[in-house]
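Here the structure is laid out as structure tokens; the discussion comes afterwards.
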Amino acid sequence: MTVRFFATIRTYTGETERRLDDAPATLRELLTALAARYGTLFRRAAFAGADLNPEIIILVNGRNVLYLRGLDTALSQDDEVSIFPMVAGG
Amino acid sequence: MFGWTGTTLRVDLTKGTVTREATDIGLAHTYLGARGMGGKIILDEVAPDTDALSPANKIVFSPGPLTGTFAPSAGRFEVVTKAPLNNVIAGSNSGGAFGPELKYAGYDALIIEGKAAKPVYLWIKNDEVEIRDAGAIWGHTTPDTTDLVRAETDEDAKVACIGPGGEHLSPIATVMNEMHRAAGRSGVGAVMGSKNLKAIAVFGTGAVTVADPERFKTAVMKARKMIQEHPVGGTGLKAYGTDVLVNILNQTGALPTRNYQDGYFPTADKIGGESLAAKQLVRPKGCFSCIISCGRVTKVDNPAYAGFGEGPEYETAWSFGADCGIDDLDAITKANFLCNEYGLDTISLGSTIACAMELFERGIITAKDTDGVQLTFGNVAAMVEMTRKAGEGEGFGAKLAQGSYRLAESYGHPEYSMTCKKQEMPAYDPRGVQGIGLNYATGNRGGCHVRGYTIAIEVLQNGAVMDPRITEGKAGLDITFQNLTAALDSAGACLFSTFGIGAPELAEMLSAVTGVEYSVDEFMKIGERIWNQERLWNLTQGYTTADDTLPERLLKDPIKTGPAKGEVNRLGEMLPEYYQLRGWDDKGVPSKAKLKELSLN
Amino acid sequence: MAKVLMIHPDKCTGCHNCELACSFEHEGQFRPAASRVQAYTWEREGMTVPMMCQQCDDAACVKVCPTGAMHRSVTRANLVDWDERVCIRCKMCTVACPFGNARYDAASSSIFKCDTCQGAPECVTFCPNGALEFVDDEQQVRSRKKAYAAKFKDAFQEVS
């Protein structure tokens, strides 16, 4: 699985993407593992308490997880996950 | 009057006369300013069958009642006229400092009529107004024009001007102000060119007054806090600019690629806001009264594309980038600088070059047509060279400067022009995001994102979320955005203040400034009225429900690769409900009841 | 504790909120021409620099003032104050200030110069970018000096 980081998320991770040989079963597990790896700033960006931070945008294969199953979204080996802070433009 | 100055300036370039008029109070209260006020003036004073490039067209420069105050990020103005590109009421919005300066000079609107016998510029210093010879300035780029005009007027004058693009009457010509800000769409620059009006210089030492200073300051402090605490309005846009959108649209699978032939561009990251911040960005920039500072002061060191200026914005990085199959941000930035200097719309020109690339790859045009240039997708040098040629009006560039609809039609293939009502669509593929497609199709000025920016909800999670892939609820979403934006534009506020505040805060600031009580409902109604008015004008121009559509490609050809592979836009599921919710008949004509409700009969 | 109004032009984005805040506070209306702070923009270089009275210890305006209207405040630290009651509007202060930070406004018959708004400068409150800072004189350059010190820290961390 490939996880891609964008905008300020990159400043928390120090990299633009990470490949994982073993996909975690759910998004919650993935984010928890990434938070353990990258630290507090990442964790605060991803989580609001035990919930998904409303100011983070996470796409799995281009679909916002809010329309899938949120933190309980199941992940599989060939998924592509993209993590953005809230961004905008015009 | 508070907020408004109470004075409108009318300049007749044919007669060489300048008249000061009292701003119509009813007009001000009902239409606010900028888009609404300018639009009503055009509707009332320009006969529908007027040729947009004839002396009978008029062009209005109008700030809003908030413009010139410290309402956060509310220093904007509009250039309103009958559009050379597509005959609609063009309302092209710009920031910078020109709008506030018009207010300090004492004006709610500047109406320009007729045509000067020779090139002229206007010099407005408070209540002294002169029409001056611009013979030595005609032909210059917009930065040079700005300097030349200032040398003859005041070194701190704010200057709105056209470049060679407007002089050549290109239907995609812009009016530039402060060198780097653009009233970009629908060819408003060509109207100035057709009047032999090269520039307007303004210097104002007066004041904008407020009805209830304490109430206003309280409302402003609250609005500022809301914007500053918003991740986008507060930090994101300042850090990365609008170009930050490249990656999220691409990861959504809705970044139009190679003239909308696809929706995913594998090397998009090279042209996104993150790359721009790392490589070309010098510092952020803010318009007058802005607390967001999304502007990018940029520099290209690469000698092939060296330059200094502002931009690119997201739309520009897309149009000269993914849409042309190009991932060289230096070259894209250079194309952006050239467009600013020549005064051409970056969205329309980039998309037109992409259209030409498709025509070339399909063999519909050949190197014989394109001055020997291999105009294929991904050809970076060709893209930059064609941009320069379009600005110069040279060779094939002259055809490009006509916009993609006229270009493609001249070769018998208008279906390759990615336009709605002849105006190029911007950087969101409606096959991946359903609601923005409805906005493109129903847009009063044609392909446009800003006037109904459903992307904020469909992709960006700004306050609410709606699945971009569904059509349910999109009609209502589009209408809300279209109405709100029309009112916001007319107040002089910047669209990006909605990353933080909404109608309640805008209505409160407007009420405190003007002393006229605007409820949220009334504020939205103003927007709804303006939208319907623009629609009524379009009916007089022969626009029908048949024009509320998208290019066939977006309705029939699925996206080929990426996360939205297989999707098309399902406009047919949204349009009937849109008409119905708007109170229009099934041909999209506003009903008598609706017009009565809006006092438009 | 003396406070200093510190300018950081590198952080200025050219928004002019300082001018708006100043004129609104002093005049009750938005008239940047009346602002005591002026932000000048150079479009070709994409840079804006705000300028206001620096409350000189040895102020030229105080030296030349014939009536003492321009004087160092005895009640507030680090302030050159203007007493309009004794000012004869001779405008010698505007001639003397080498920075152009005092000017005569004919419309209101007054001398416009920064007075730090009773110790809570509005321009500082309204600047969205931290380009204006009202800071204890001891910490005046801390943010700037420390920002550059951080670059050395990062450089040395890489090699040691």
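Here, A, B, ... name the chains of the structure tokens in the order displayed, residue numbers run from 1 inside each chain, and ligands are numbered from 1 in the same displayed order.
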
Self-check item: Near-A:Tyr12 list (9 Å; only C-alpha atoms; drop same-chain fewer than 2 positions) as a VMD selection string
Solution: chain A and resid 8 to 10 14 to 15 38 to 42

Restricted to C-alpha atoms, what would the selected residues look like written as a PDB file, in the first residue's frame?
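Listed below is the output, part_21.pdb:
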ATOM      1  CA  THR A   8       1.561  20.703   5.941  1.00  0.00           C
ATOM      2  CA  ILE A   9       1.257  16.949   6.541  1.00  0.00           C
ATOM      3  CA  ARG A  10       4.605  16.672   4.743  1.00  0.00           C
ATOM      4  CA  GLY A  14       9.397  14.731   6.583  1.00  0.00           C
ATOM      5  CA  GLU A  15       8.515  12.758   3.467  1.00  0.00           C
ATOM      6  CA  TYR A  38       5.862  10.535  13.004  1.00  0.00           C
ATOM      7  CA  GLY A  39       4.937  11.867  16.413  1.00  0.00           C
ATOM      8  CA  THR A  40       2.669  14.360  18.098  1.00  0.00           C
ATOM      9  CA  LEU A  41       2.088  16.830  15.296  1.00  0.00           C
ATOM     10  CA  PHE A  42       0.910  14.070  12.989  1.00  0.00           C
TER      11      PHE A  42
END

Quiz item: Could you pull the residues within 12 Å of stretch 8-11 of chain C, counting only C-alpha atoms, minus those fewer than 4 positions along the same chain, as an MDAnalysis selection string?
Solution: (chainID B and resid 238 282:286 293) or (chainID C and resid 15 39:41 46:51 124 127:134 140:145)

Selection export as a tab-separated table (two decimals), in the first residue's frame, atoms kept: N, CA, C and O atoms:
chain	number	residue	atom	x	y	z
B	238	LYS	N	-1.99	30.96	2.99
B	238	LYS	CA	-0.78	31.77	3.06
B	238	LYS	C	0.47	30.91	2.84
B	238	LYS	O	1.44	31.35	2.23
B	282	VAL	N	8.81	33.51	-3.40
B	282	VAL	CA	9.66	34.47	-2.71
B	282	VAL	C	9.00	34.86	-1.38
B	282	VAL	O	9.62	34.81	-0.32
B	283	ARG	N	7.75	35.26	-1.44
B	283	ARG	CA	6.99	35.58	-0.22
B	283	ARG	C	5.51	35.65	-0.58
B	283	ARG	O	5.14	35.80	-1.72
B	284	PRO	N	4.63	35.54	0.46
B	284	PRO	CA	3.19	35.67	0.19
B	284	PRO	C	2.80	37.14	0.02
B	284	PRO	O	3.55	38.04	0.42
B	285	LYS	N	1.65	37.36	-0.57
B	285	LYS	CA	1.19	38.73	-0.84
B	285	LYS	C	-0.28	38.82	-0.53
B	285	LYS	O	-1.04	37.87	-0.73
B	286	GLY	N	-0.71	39.98	-0.03
B	286	GLY	CA	-2.12	40.18	0.27
B	286	GLY	C	-2.68	41.37	-0.46
B	286	GLY	O	-2.00	42.37	-0.64
B	293	SER	N	-3.73	36.55	2.59
B	293	SER	CA	-2.46	36.57	1.87
B	293	SER	C	-2.21	35.31	1.05
B	293	SER	O	-1.20	34.62	1.22
C	15	CYS	N	-0.91	44.36	2.80
C	15	CYS	CA	-2.36	44.39	2.93
C	15	CYS	C	-2.92	45.74	3.40
C	15	CYS	O	-4.11	45.97	3.29
C	39	ALA	N	2.33	52.23	4.43
C	39	ALA	CA	3.02	51.06	3.90
C	39	ALA	C	3.25	51.28	2.41
C	39	ALA	O	2.29	51.46	1.66
C	40	TYR	N	4.50	51.27	2.00
C	40	TYR	CA	4.84	51.53	0.59
C	40	TYR	C	5.15	50.23	-0.12
C	40	TYR	O	5.92	49.41	0.38
C	41	THR	N	4.54	50.05	-1.30
C	41	THR	CA	4.72	48.82	-2.07
C	41	THR	C	5.53	49.07	-3.33
C	41	THR	O	5.33	50.06	-4.02
C	46	GLY	N	7.78	43.05	-5.47
C	46	GLY	CA	6.87	42.31	-4.61
C	46	GLY	C	7.14	42.54	-3.14
C	46	GLY	O	7.05	41.62	-2.33
C	47	MET	N	7.48	43.75	-2.78
C	47	MET	CA	7.84	44.03	-1.39
C	47	MET	C	7.12	45.29	-0.90
C	47	MET	O	6.96	46.25	-1.64
C	48	THR	N	6.69	45.24	0.37
C	48	THR	CA	6.03	46.39	0.99
C	48	THR	C	6.72	46.68	2.31
C	48	THR	O	7.09	45.74	3.04
C	49	VAL	N	6.91	47.96	2.62
C	49	VAL	CA	7.56	48.34	3.87
C	49	VAL	C	6.69	49.36	4.61
C	49	VAL	O	6.41	50.43	4.08
C	50	PRO	N	6.25	49.04	5.85
C	50	PRO	CA	5.50	50.02	6.64
C	50	PRO	C	6.47	50.97	7.34
C	50	PRO	O	7.56	50.58	7.76
C	51	MET	N	6.04	52.24	7.45
C	51	MET	CA	6.88	53.26	8.09
C	51	MET	C	6.06	54.07	9.07
C	51	MET	O	4.98	54.55	8.73
C	124	VAL	N	-0.71	47.16	15.26
C	124	VAL	CA	-0.15	45.89	15.69
C	124	VAL	C	-1.26	44.86	15.83
C	124	VAL	O	-1.13	43.71	15.40
C	127	CYS	N	-2.46	44.00	12.15
C	127	CYS	CA	-1.56	43.36	11.19
C	127	CYS	C	-1.74	41.86	11.26
C	127	CYS	O	-1.52	41.26	12.32
C	128	PRO	N	-2.12	41.21	10.17
C	128	PRO	CA	-2.38	39.77	10.24
C	128	PRO	C	-1.11	38.93	10.14
C	128	PRO	O	-1.16	37.72	10.29
C	129	ASN	N	0.03	39.57	9.89
C	129	ASN	CA	1.22	38.79	9.57
C	129	ASN	C	2.39	38.97	10.53
C	129	ASN	O	3.46	38.44	10.29
C	130	GLY	N	2.16	39.72	11.61
C	130	GLY	CA	3.25	39.91	12.56
C	130	GLY	C	4.34	40.81	12.03
C	130	GLY	O	5.46	40.78	12.51
C	131	ALA	N	4.01	41.67	11.04
C	131	ALA	CA	5.02	42.58	10.51
C	131	ALA	C	5.22	43.78	11.42
C	131	ALA	O	6.20	44.51	11.29
C	132	LEU	N	4.26	43.99	12.31
C	132	LEU	CA	4.38	45.07	13.30
C	132	LEU	C	4.24	44.43	14.66
C	132	LEU	O	3.34	43.64	14.91
C	133	GLU	N	5.15	44.81	15.56
C	133	GLU	CA	5.18	44.17	16.87
C	133	GLU	C	5.38	45.26	17.92
C	133	GLU	O	6.27	46.10	17.75
C	134	PHE	N	4.58	45.25	18.98
C	134	PHE	CA	4.80	46.20	20.08
C	134	PHE	C	5.42	45.40	21.19
C	134	PHE	O	4.74	44.60	21.85
C	140	GLN	N	13.16	43.26	21.53
C	140	GLN	CA	12.79	43.90	20.26
C	140	GLN	C	13.18	43.09	19.03
C	140	GLN	O	12.43	42.98	18.08
C	141	VAL	N	14.39	42.54	19.01
C	141	VAL	CA	14.84	41.82	17.82
C	141	VAL	C	14.89	40.31	18.05
C	141	VAL	O	15.43	39.56	17.24
C	142	ARG	N	14.33	39.88	19.18
C	142	ARG	CA	14.45	38.47	19.52
C	142	ARG	C	13.97	37.55	18.40
C	142	ARG	O	14.67	36.60	18.03
C	143	SER	N	12.74	37.85	17.88
C	143	SER	CA	12.17	36.92	16.90
C	143	SER	C	13.07	36.80	15.68
C	143	SER	O	13.29	35.72	15.14
C	144	ARG	N	13.64	37.92	15.27
C	144	ARG	CA	14.46	37.92	14.07
C	144	ARG	C	15.80	37.24	14.32
C	144	ARG	O	16.25	36.38	13.56
C	145	LYS	N	16.40	37.59	15.44
C	145	LYS	CA	17.73	37.04	15.75
C	145	LYS	C	17.61	35.54	15.95
C	145	LYS	O	18.43	34.76	15.50

Quiz item: Taking only C-alpha atoms into account, which residues of chain B are within 8 Å of chain A, as a VMD selection string?
Solution: chain B and resid 231 to 232 236 to 237 240 to 245 247 to 248 251 to 253 273 to 274 313 to 315 449 to 450 453 456 460 to 462 467 496 563 to 564

Next, write the just-selected residues to a file, as a PDB file, in the first residue's frame, keeping N, CA and C atoms as the atom set.
ATOM      1  N   PRO B 231      -8.438  26.621   9.152  1.00  0.00           N
ATOM      2  CA  PRO B 231      -7.163  26.090   8.646  1.00  0.00           C
ATOM      3  C   PRO B 231      -6.774  26.618   7.267  1.00  0.00           C
ATOM      4  N   VAL B 232      -7.785  26.924   6.472  1.00  0.00           N
ATOM      5  CA  VAL B 232      -7.486  27.412   5.121  1.00  0.00           C
ATOM      6  C   VAL B 232      -7.272  28.917   5.129  1.00  0.00           C
ATOM      7  N   GLY B 236      -3.405  27.839   5.720  1.00  0.00           N
ATOM      8  CA  GLY B 236      -3.141  27.054   4.516  1.00  0.00           C
ATOM      9  C   GLY B 236      -2.884  27.869   3.276  1.00  0.00           C
ATOM     10  N   LEU B 237      -3.777  28.848   3.011  1.00  0.00           N
ATOM     11  CA  LEU B 237      -3.622  29.627   1.779  1.00  0.00           C
ATOM     12  C   LEU B 237      -2.365  30.474   1.812  1.00  0.00           C
ATOM     13  N   TYR B 240       0.696  27.950   1.131  1.00  0.00           N
ATOM     14  CA  TYR B 240       0.825  27.239  -0.152  1.00  0.00           C
ATOM     15  C   TYR B 240       0.142  27.906  -1.329  1.00  0.00           C
ATOM     16  N   GLY B 241      -0.686  28.914  -1.079  1.00  0.00           N
ATOM     17  CA  GLY B 241      -1.402  29.526  -2.190  1.00  0.00           C
ATOM     18  C   GLY B 241      -2.481  28.607  -2.723  1.00  0.00           C
ATOM     19  N   THR B 242      -3.212  29.096  -3.712  1.00  0.00           N
ATOM     20  CA  THR B 242      -4.297  28.292  -4.264  1.00  0.00           C
ATOM     21  C   THR B 242      -3.764  27.040  -4.975  1.00  0.00           C
ATOM     22  N   ASP B 243      -2.503  27.105  -5.405  1.00  0.00           N
ATOM     23  CA  ASP B 243      -1.920  25.989  -6.151  1.00  0.00           C
ATOM     24  C   ASP B 243      -1.887  24.698  -5.337  1.00  0.00           C
ATOM     25  N   VAL B 244      -2.141  24.806  -4.019  1.00  0.00           N
ATOM     26  CA  VAL B 244      -2.194  23.614  -3.177  1.00  0.00           C
ATOM     27  C   VAL B 244      -3.274  22.643  -3.663  1.00  0.00           C
ATOM     28  N   LEU B 245      -4.202  23.145  -4.463  1.00  0.00           N
ATOM     29  CA  LEU B 245      -5.299  22.293  -4.924  1.00  0.00           C
ATOM     30  C   LEU B 245      -4.885  21.219  -5.935  1.00  0.00           C
ATOM     31  N   ASN B 247      -2.800  18.787  -6.017  1.00  0.00           N
ATOM     32  CA  ASN B 247      -2.710  17.405  -5.549  1.00  0.00           C
ATOM     33  C   ASN B 247      -4.046  16.844  -5.093  1.00  0.00           C
ATOM     34  N   ILE B 248      -4.845  17.651  -4.410  1.00  0.00           N
ATOM     35  CA  ILE B 248      -6.096  17.074  -3.922  1.00  0.00           C
ATOM     36  C   ILE B 248      -7.066  16.803  -5.066  1.00  0.00           C
ATOM     37  N   GLN B 251      -5.680  13.623  -6.706  1.00  0.00           N
ATOM     38  CA  GLN B 251      -5.943  12.415  -5.920  1.00  0.00           C
ATOM     39  C   GLN B 251      -7.432  12.075  -5.887  1.00  0.00           C
ATOM     40  N   THR B 252      -8.268  13.065  -6.156  1.00  0.00           N
ATOM     41  CA  THR B 252      -9.703  12.806  -6.271  1.00  0.00           C
ATOM     42  C   THR B 252     -10.014  12.237  -7.657  1.00  0.00           C
ATOM     43  N   GLY B 253      -9.048  12.368  -8.567  1.00  0.00           N
ATOM     44  CA  GLY B 253      -9.223  11.880  -9.930  1.00  0.00           C
ATOM     45  C   GLY B 253      -9.913  12.874 -10.840  1.00  0.00           C
ATOM     46  N   GLY B 273       1.179  23.355  -5.167  1.00  0.00           N
ATOM     47  CA  GLY B 273       1.576  24.418  -4.249  1.00  0.00           C
ATOM     48  C   GLY B 273       2.767  24.072  -3.380  1.00  0.00           C
ATOM     49  N   GLU B 274       2.923  22.792  -3.062  1.00  0.00           N
ATOM     50  CA  GLU B 274       4.083  22.377  -2.267  1.00  0.00           C
ATOM     51  C   GLU B 274       5.370  22.631  -3.040  1.00  0.00           C
ATOM     52  N   GLU B 313      -1.568  30.904  -9.930  1.00  0.00           N
ATOM     53  CA  GLU B 313      -2.653  30.369  -9.125  1.00  0.00           C
ATOM     54  C   GLU B 313      -2.916  28.927  -9.572  1.00  0.00           C
ATOM     55  N   TYR B 314      -3.800  28.256  -8.836  1.00  0.00           N
ATOM     56  CA  TYR B 314      -4.123  26.867  -9.165  1.00  0.00           C
ATOM     57  C   TYR B 314      -4.603  26.740 -10.614  1.00  0.00           C
ATOM     58  N   GLU B 315      -5.541  27.608 -10.997  1.00  0.00           N
ATOM     59  CA  GLU B 315      -6.136  27.490 -12.329  1.00  0.00           C
ATOM     60  C   GLU B 315      -5.080  27.610 -13.422  1.00  0.00           C
ATOM     61  N   HIS B 449     -15.761  28.675 -12.134  1.00  0.00           N
ATOM     62  CA  HIS B 449     -15.865  27.970 -10.857  1.00  0.00           C
ATOM     63  C   HIS B 449     -16.205  28.909  -9.709  1.00  0.00           C
ATOM     64  N   VAL B 450     -15.667  30.152  -9.776  1.00  0.00           N
ATOM     65  CA  VAL B 450     -15.774  31.028  -8.606  1.00  0.00           C
ATOM     66  C   VAL B 450     -17.196  31.413  -8.253  1.00  0.00           C
ATOM     67  N   TYR B 453     -18.844  27.920  -6.161  1.00  0.00           N
ATOM     68  CA  TYR B 453     -17.686  27.082  -5.846  1.00  0.00           C
ATOM     69  C   TYR B 453     -18.070  25.904  -4.961  1.00  0.00           C
ATOM     70  N   ALA B 456     -15.828  23.571  -2.573  1.00  0.00           N
ATOM     71  CA  ALA B 456     -15.582  23.762  -1.140  1.00  0.00           C
ATOM     72  C   ALA B 456     -16.257  22.679  -0.306  1.00  0.00           C
ATOM     73  N   LEU B 460     -13.454  19.837  -0.528  1.00  0.00           N
ATOM     74  CA  LEU B 460     -12.581  20.455   0.463  1.00  0.00           C
ATOM     75  C   LEU B 460     -13.095  20.431   1.900  1.00  0.00           C
ATOM     76  N   GLN B 461     -14.257  19.820   2.118  1.00  0.00           N
ATOM     77  CA  GLN B 461     -14.764  19.672   3.495  1.00  0.00           C
ATOM     78  C   GLN B 461     -14.869  21.000   4.241  1.00  0.00           C
ATOM     79  N   ASN B 462     -15.190  22.085   3.530  1.00  0.00           N
ATOM     80  CA  ASN B 462     -15.251  23.379   4.206  1.00  0.00           C
ATOM     81  C   ASN B 462     -16.576  23.579   4.909  1.00  0.00           C
ATOM     82  N   ASP B 467     -20.725  14.116  -1.080  1.00  0.00           N
ATOM     83  CA  ASP B 467     -19.978  13.190  -1.913  1.00  0.00           C
ATOM     84  C   ASP B 467     -19.890  13.737  -3.341  1.00  0.00           C
ATOM     85  N   PHE B 496     -12.617  34.162  -0.804  1.00  0.00           N
ATOM     86  CA  PHE B 496     -11.873  33.341   0.142  1.00  0.00           C
ATOM     87  C   PHE B 496     -12.186  33.671   1.592  1.00  0.00           C
ATOM     88  N   PRO B 563      -8.378   7.719  -9.988  1.00  0.00           N
ATOM     89  CA  PRO B 563      -9.429   7.356  -9.035  1.00  0.00           C
ATOM     90  C   PRO B 563     -10.866   7.526  -9.552  1.00  0.00           C
ATOM     91  N   ALA B 564     -11.087   8.395 -10.507  1.00  0.00           N
ATOM     92  CA  ALA B 564     -12.456   8.577 -11.011  1.00  0.00           C
ATOM     93  C   ALA B 564     -12.646   7.910 -12.367  1.00  0.00           C
TER      94      ALA B 564
END

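Every residue of chain A found in strand (DSSP E) when DSSP is run on the backbone appears here: Thr2, Val3, Arg4, Phe5, Glu17, Arg18, Arg19, Phe47, Ala48, Asp51, Leu52, Ile56, Ile57, Ile58, Leu59, Val60, Arg63, Asn64, Glu80, Val81, Ser82, Ile83, Phe84 and Pro85 of chain A.
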
Please save N, CA and C atoms of the selected residues as a PDB file, in the first residue's frame.
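Dumped to again07.pdb:
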ATOM      1  N   THR A   2       0.371   2.284  -0.635  1.00  0.00           N
ATOM      2  CA  THR A   2       1.100   3.559  -0.678  1.00  0.00           C
ATOM      3  C   THR A   2       0.314   4.613   0.079  1.00  0.00           C
ATOM      4  N   VAL A   3       0.997   5.306   0.970  1.00  0.00           N
ATOM      5  CA  VAL A   3       0.373   6.426   1.677  1.00  0.00           C
ATOM      6  C   VAL A   3       1.072   7.704   1.233  1.00  0.00           C
ATOM      7  N   ARG A   4       0.292   8.675   0.765  1.00  0.00           N
ATOM      8  CA  ARG A   4       0.891   9.931   0.284  1.00  0.00           C
ATOM      9  C   ARG A   4       0.505  11.072   1.214  1.00  0.00           C
ATOM     10  N   PHE A   5       1.469  11.955   1.429  1.00  0.00           N
ATOM     11  CA  PHE A   5       1.254  13.097   2.318  1.00  0.00           C
ATOM     12  C   PHE A   5       1.340  14.388   1.516  1.00  0.00           C
ATOM     13  N   GLU A  17       5.825  10.400   0.698  1.00  0.00           N
ATOM     14  CA  GLU A  17       5.048   9.163   0.667  1.00  0.00           C
ATOM     15  C   GLU A  17       5.787   8.037   1.388  1.00  0.00           C
ATOM     16  N   ARG A  18       4.996   7.015   1.710  1.00  0.00           N
ATOM     17  CA  ARG A  18       5.562   5.833   2.380  1.00  0.00           C
ATOM     18  C   ARG A  18       4.855   4.603   1.827  1.00  0.00           C
ATOM     19  N   ARG A  19       5.664   3.612   1.501  1.00  0.00           N
ATOM     20  CA  ARG A  19       5.078   2.347   1.042  1.00  0.00           C
ATOM     21  C   ARG A  19       5.075   1.342   2.195  1.00  0.00           C
ATOM     22  N   PHE A  47      -6.087  12.935  14.522  1.00  0.00           N
ATOM     23  CA  PHE A  47      -7.124  12.554  15.477  1.00  0.00           C
ATOM     24  C   PHE A  47      -7.622  13.749  16.272  1.00  0.00           C
ATOM     25  N   ALA A  48      -8.920  13.704  16.602  1.00  0.00           N
ATOM     26  CA  ALA A  48      -9.471  14.627  17.593  1.00  0.00           C
ATOM     27  C   ALA A  48     -10.001  13.705  18.676  1.00  0.00           C
ATOM     28  N   ASP A  51     -11.592  10.282  17.656  1.00  0.00           N
ATOM     29  CA  ASP A  51     -12.251  10.409  16.351  1.00  0.00           C
ATOM     30  C   ASP A  51     -11.307  10.966  15.310  1.00  0.00           C
ATOM     31  N   LEU A  52     -11.751  10.886  14.072  1.00  0.00           N
ATOM     32  CA  LEU A  52     -10.999  11.485  12.980  1.00  0.00           C
ATOM     33  C   LEU A  52     -11.107  13.006  13.101  1.00  0.00           C
ATOM     34  N   ILE A  56      -8.923  17.135   8.773  1.00  0.00           N
ATOM     35  CA  ILE A  56      -8.045  16.365   7.907  1.00  0.00           C
ATOM     36  C   ILE A  56      -8.892  15.758   6.791  1.00  0.00           C
ATOM     37  N   ILE A  57      -8.305  15.646   5.616  1.00  0.00           N
ATOM     38  CA  ILE A  57      -9.010  15.047   4.477  1.00  0.00           C
ATOM     39  C   ILE A  57      -8.243  13.786   4.080  1.00  0.00           C
ATOM     40  N   ILE A  58      -8.904  12.649   4.135  1.00  0.00           N
ATOM     41  CA  ILE A  58      -8.235  11.383   3.793  1.00  0.00           C
ATOM     42  C   ILE A  58      -8.993  10.713   2.660  1.00  0.00           C
ATOM     43  N   LEU A  59      -8.281  10.426   1.584  1.00  0.00           N
ATOM     44  CA  LEU A  59      -8.855   9.734   0.436  1.00  0.00           C
ATOM     45  C   LEU A  59      -8.265   8.336   0.362  1.00  0.00           C
ATOM     46  N   VAL A  60      -9.140   7.347   0.134  1.00  0.00           N
ATOM     47  CA  VAL A  60      -8.667   5.989  -0.149  1.00  0.00           C
ATOM     48  C   VAL A  60      -9.080   5.679  -1.587  1.00  0.00           C
ATOM     49  N   ARG A  63     -11.452   8.222  -2.883  1.00  0.00           N
ATOM     50  CA  ARG A  63     -12.749   8.408  -2.224  1.00  0.00           C
ATOM     51  C   ARG A  63     -12.531   8.907  -0.810  1.00  0.00           C
ATOM     52  N   ASN A  64     -13.188   9.985  -0.459  1.00  0.00           N
ATOM     53  CA  ASN A  64     -13.087  10.524   0.893  1.00  0.00           C
ATOM     54  C   ASN A  64     -13.646   9.503   1.877  1.00  0.00           C
ATOM     55  N   GLU A  80      -4.411   2.974  -2.267  1.00  0.00           N
ATOM     56  CA  GLU A  80      -3.622   4.199  -2.205  1.00  0.00           C
ATOM     57  C   GLU A  80      -4.338   5.166  -1.281  1.00  0.00           C
ATOM     58  N   VAL A  81      -3.627   5.603  -0.262  1.00  0.00           N
ATOM     59  CA  VAL A  81      -4.220   6.500   0.727  1.00  0.00           C
ATOM     60  C   VAL A  81      -3.552   7.866   0.594  1.00  0.00           C
ATOM     61  N   SER A  82      -4.348   8.923   0.505  1.00  0.00           N
ATOM     62  CA  SER A  82      -3.799  10.285   0.418  1.00  0.00           C
ATOM     63  C   SER A  82      -4.275  11.080   1.620  1.00  0.00           C
ATOM     64  N   ILE A  83      -3.351  11.773   2.269  1.00  0.00           N
ATOM     65  CA  ILE A  83      -3.685  12.517   3.492  1.00  0.00           C
ATOM     66  C   ILE A  83      -3.377  13.997   3.292  1.00  0.00           C
ATOM     67  N   PHE A  84      -4.417  14.831   3.423  1.00  0.00           N
ATOM     68  CA  PHE A  84      -4.305  16.281   3.253  1.00  0.00           C
ATOM     69  C   PHE A  84      -4.781  16.990   4.507  1.00  0.00           C
ATOM     70  N   PRO A  85      -4.206  18.156   4.815  1.00  0.00           N
ATOM     71  CA  PRO A  85      -4.891  19.030   5.765  1.00  0.00           C
ATOM     72  C   PRO A  85      -6.008  19.704   4.982  1.00  0.00           C
TER      73      PRO A  85
END

Quiz prompt | Selection near stretch 384-398 of chain B, 8 Å with only C-alpha atoms, sequence-local residues under 3 positions removed, as a PyMOL selection string | solution = chain B and resi 164-165+168+331-332+334-335+338-339+342-344+349+353+369-371+380-381+401-402

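Taking atom CA of B:Arg150 as the reference point, atom CA of B:Ala136 is found at 13.3 Å.
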
Give me, as a tab-separated table (two decimals) with N, CA and C atoms, in the first residue's frame, all polymer residues having an atom no more than 7 Å from C:Cys18, counting only C-alpha atoms and skipping those fewer than 3 positions away in the same chain.
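Result saved to result_28.tsv:
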chain	number	residue	atom	x	y	z
C	21	ALA	N	-6.46	50.50	10.25
C	21	ALA	CA	-6.67	50.48	11.70
C	21	ALA	C	-6.30	51.83	12.30
C	22	CYS	N	-5.19	52.40	11.84
C	22	CYS	CA	-4.71	53.67	12.38
C	22	CYS	C	-5.70	54.79	12.09
C	37	VAL	N	0.80	55.58	10.01
C	37	VAL	CA	1.70	54.58	9.43
C	37	VAL	C	1.37	54.50	7.94
C	123	CYS	N	-2.44	49.28	14.92
C	123	CYS	CA	-1.81	48.69	13.74
C	123	CYS	C	-1.24	47.32	14.08
C	126	PHE	N	-4.08	44.84	14.26
C	126	PHE	CA	-4.70	44.51	12.98
C	126	PHE	C	-3.76	43.88	11.97
C	127	CYS	N	-2.46	44.00	12.15
C	127	CYS	CA	-1.56	43.36	11.19
C	127	CYS	C	-1.74	41.86	11.26
